[in-house]
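**Q** Quick one: the structure is below, questions incoming.
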Amino acid sequence: MAPATTKRKAIIWGLALLLAAALCCGWLLLRDQPAAGGLSYRPEKDAVDWNQSIGGEAKDGIQIPGYGALTFPADSKKAPLVLPNPAENTCSFVYKLYLEGESVPIYTSGAILPGKAVTEIALERGLPDGTYHLTIQVLTFDLESGAPQNGAEIQTVLQVI
């Protein structure tokens, strides 16, 4: 009877390891999935209260900020940049920053709720001195359903010094 007991223990341990591996894989696959509660992206953890006027354009009732030339410090992954979502909006904002000719953003925010803003960004990599063409993509999402709404793309010049 000892061999049957040993075989049963081996099967139980094998099933336990298989279950643990499945749980780990599930966690790894789902940890970066969109947040629940109507948000298509997880809320931006660094967003602060924001109640200033943006002076941007209104696109289909959504207030979108405008940007002139920007300056970032060279070789730094931190950059001062205000990315607001005006309190008047009824949607969340997600900002993505792209350098001309690149398909991977150098920055992606989480969901910024109305009346909030990010005031410093963490770039994917530091940039060397130079002048770059930058696209600021603003994705907008309904607060209730998380459905995408009209967004915008803002073209500007980025001076890295």
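Just remember, in the structure tokens the first chain shown is A, the second B, etc., residues are 1-based per chain, and ligands are 1-based in the order shown.
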Find the residues near Ile112 in chain A: any atom within 9 Å, counting only C-alpha atoms, skip ones fewer than 3 places away on the same chain, and give them as a list in words.
**A** Arg42, Pro43, Glu44, Lys45, Ala47, Leu83, Pro84, Asn85, Cys91, Ser92, Phe93, Val94, Tyr95, Ser109, Gly115, Lys116, Ala117 and Val118 of chain A
**Q** What would the file look like if the residues just selected were written as a compact mmCIF listing (two decimals), in the first residue's frame with C-alpha atoms?
**A**
# COMPACT_ATOMS: atom_id res chain seq x y z
CA ARG A 42 -6.00 52.65 -14.16
CA PRO A 43 -6.32 56.02 -12.41
CA GLU A 44 -3.15 58.13 -12.52
CA LYS A 45 -1.56 57.81 -9.08
CA ALA A 47 -2.58 63.26 -10.37
CA LEU A 83 -1.15 67.35 -18.26
CA PRO A 84 -4.57 68.49 -17.01
CA ASN A 85 -8.13 67.31 -17.37
CA CYS A 91 -14.53 62.08 -19.27
CA SER A 92 -11.14 60.80 -18.18
CA PHE A 93 -7.98 61.70 -20.11
CA VAL A 94 -5.00 59.51 -20.96
CA TYR A 95 -1.97 61.28 -22.40
CA SER A 109 -0.31 58.52 -18.22
CA GLY A 115 -10.32 68.46 -12.09
CA LYS A 116 -6.98 66.62 -11.83
CA ALA A 117 -3.58 67.01 -13.51
CA VAL A 118 -0.14 65.46 -13.68
**Q** Skipping near chain neighbours, those fewer than 2 positions away, what residues fall within 9 Å of Ala122 in chain A using only C-alpha atoms, listed as a list of chain:residue names?
**A**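 Result of the neighbour search: A:Ser76, A:Lys77, A:Lys78, A:Ala79, A:Ile106, A:Tyr107, A:Thr108, A:Glu120, A:Glu124, A:Arg125.
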**Q** Let's have the selection written as an mmCIF file, in the first residue's frame, with C-alpha atoms.
**A**
data_model
loop_
_atom_site.group_PDB
_atom_site.id
_atom_site.type_symbol
_atom_site.label_atom_id
_atom_site.label_comp_id
_atom_site.auth_asym_id
_atom_site.auth_seq_id
_atom_site.Cartn_x
_atom_site.Cartn_y
_atom_site.Cartn_z
ATOM 1 C CA SER A 76 16.661 62.870 -17.416
ATOM 2 C CA LYS A 77 13.725 60.525 -17.029
ATOM 3 C CA LYS A 78 11.800 63.217 -15.119
ATOM 4 C CA ALA A 79 10.360 66.235 -16.892
ATOM 5 C CA ILE A 106 7.986 57.987 -24.421
ATOM 6 C CA TYR A 107 5.276 58.590 -21.810
ATOM 7 C CA THR A 108 1.788 57.235 -21.096
ATOM 8 C CA GLU A 120 5.719 66.013 -13.646
ATOM 9 C CA GLU A 124 10.529 55.842 -20.593
ATOM 10 C CA ARG A 125 14.075 57.040 -21.262
#
**Q** Determine which residues of chain A receive a DSSP assignment of alpha helix (DSSP H), computed from the backbone, and state them as a PyMOL selection string.
**A** chain A and resi 2-30
**Q** Mind dumping the selected residues with C-alpha atoms as a PDB file, in the first residue's frame?
**A**
ATOM      1  CA  ALA A   2       2.924   2.358   0.442  1.00  0.00           C
ATOM      2  CA  PRO A   3       3.500   2.796  -3.327  1.00  0.00           C
ATOM      3  CA  ALA A   4      -0.150   3.857  -3.857  1.00  0.00           C
ATOM      4  CA  THR A   5       0.100   6.432  -1.048  1.00  0.00           C
ATOM      5  CA  THR A   6       3.338   7.806  -2.490  1.00  0.00           C
ATOM      6  CA  LYS A   7       1.740   8.021  -5.936  1.00  0.00           C
ATOM      7  CA  ARG A   8      -1.314   9.805  -4.493  1.00  0.00           C
ATOM      8  CA  LYS A   9       0.933  12.347  -2.700  1.00  0.00           C
ATOM      9  CA  ALA A  10       2.871  12.969  -5.910  1.00  0.00           C
ATOM     10  CA  ILE A  11      -0.376  13.598  -7.805  1.00  0.00           C
ATOM     11  CA  ILE A  12      -1.630  15.999  -5.095  1.00  0.00           C
ATOM     12  CA  TRP A  13       1.685  17.908  -5.099  1.00  0.00           C
ATOM     13  CA  GLY A  14       1.660  18.032  -8.889  1.00  0.00           C
ATOM     14  CA  LEU A  15      -1.890  19.444  -8.927  1.00  0.00           C
ATOM     15  CA  ALA A  16      -0.985  21.998  -6.238  1.00  0.00           C
ATOM     16  CA  LEU A  17       2.017  23.180  -8.266  1.00  0.00           C
ATOM     17  CA  LEU A  18      -0.092  23.354 -11.421  1.00  0.00           C
ATOM     18  CA  LEU A  19      -2.722  25.449  -9.609  1.00  0.00           C
ATOM     19  CA  ALA A  20      -0.035  27.784  -8.217  1.00  0.00           C
ATOM     20  CA  ALA A  21       1.457  28.214 -11.692  1.00  0.00           C
ATOM     21  CA  ALA A  22      -1.986  28.974 -13.169  1.00  0.00           C
ATOM     22  CA  LEU A  23      -2.657  31.590 -10.478  1.00  0.00           C
ATOM     23  CA  CYS A  24       0.720  33.259 -11.105  1.00  0.00           C
ATOM     24  CA  CYS A  25       0.140  33.330 -14.875  1.00  0.00           C
ATOM     25  CA  GLY A  26      -3.341  34.768 -14.381  1.00  0.00           C
ATOM     26  CA  TRP A  27      -2.000  37.507 -12.137  1.00  0.00           C
ATOM     27  CA  LEU A  28       0.751  38.390 -14.613  1.00  0.00           C
ATOM     28  CA  LEU A  29      -1.706  38.567 -17.504  1.00  0.00           C
ATOM     29  CA  LEU A  30      -4.370  40.584 -15.680  1.00  0.00           C
TER      30      LEU A  30
END
**Q** Please give the complete set of residues from range 28-154 of chain A that DSSP, run on the backbone, assigns to strand (DSSP E or B), formatted as a VMD selection string.
**A** chain A and resid 43 48 to 49 57 to 59 62 to 64 70 to 72 78 to 85 91 to 99 107 to 108 111 to 112 116 to 122 130 to 142 148 to 154
**Q** Have a look at CA of Leu81 in chain A and CA of Ala147 in chain A and let me know their distance in Å, one decimal.
**A**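 About the pair CA of Leu81 in chain A and CA of Ala147 in chain A: they are 26.6 Å apart.
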**Q** My list of candidates is A:Gly110, A:Gly101, A:Gly126, A:Gly151. Which is closest to Gln63 in chain A when distances are computed with only C-alpha atoms?
**A**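 Smallest separation from Gln63 in chain A among the options: A:Gly151.
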**Q** Between CA of Thr90 in chain A and CA of Ile62 in chain A, what is the distance, to one decimal in Å?
**A**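 Rounded to one decimal, the two atoms are 7.7 Å apart.
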**Q** Report, in Å to a single decimal, how far apart CA of Leu113 in chain A and CA of Gly146 in chain A are.
**A** 12.0 Å
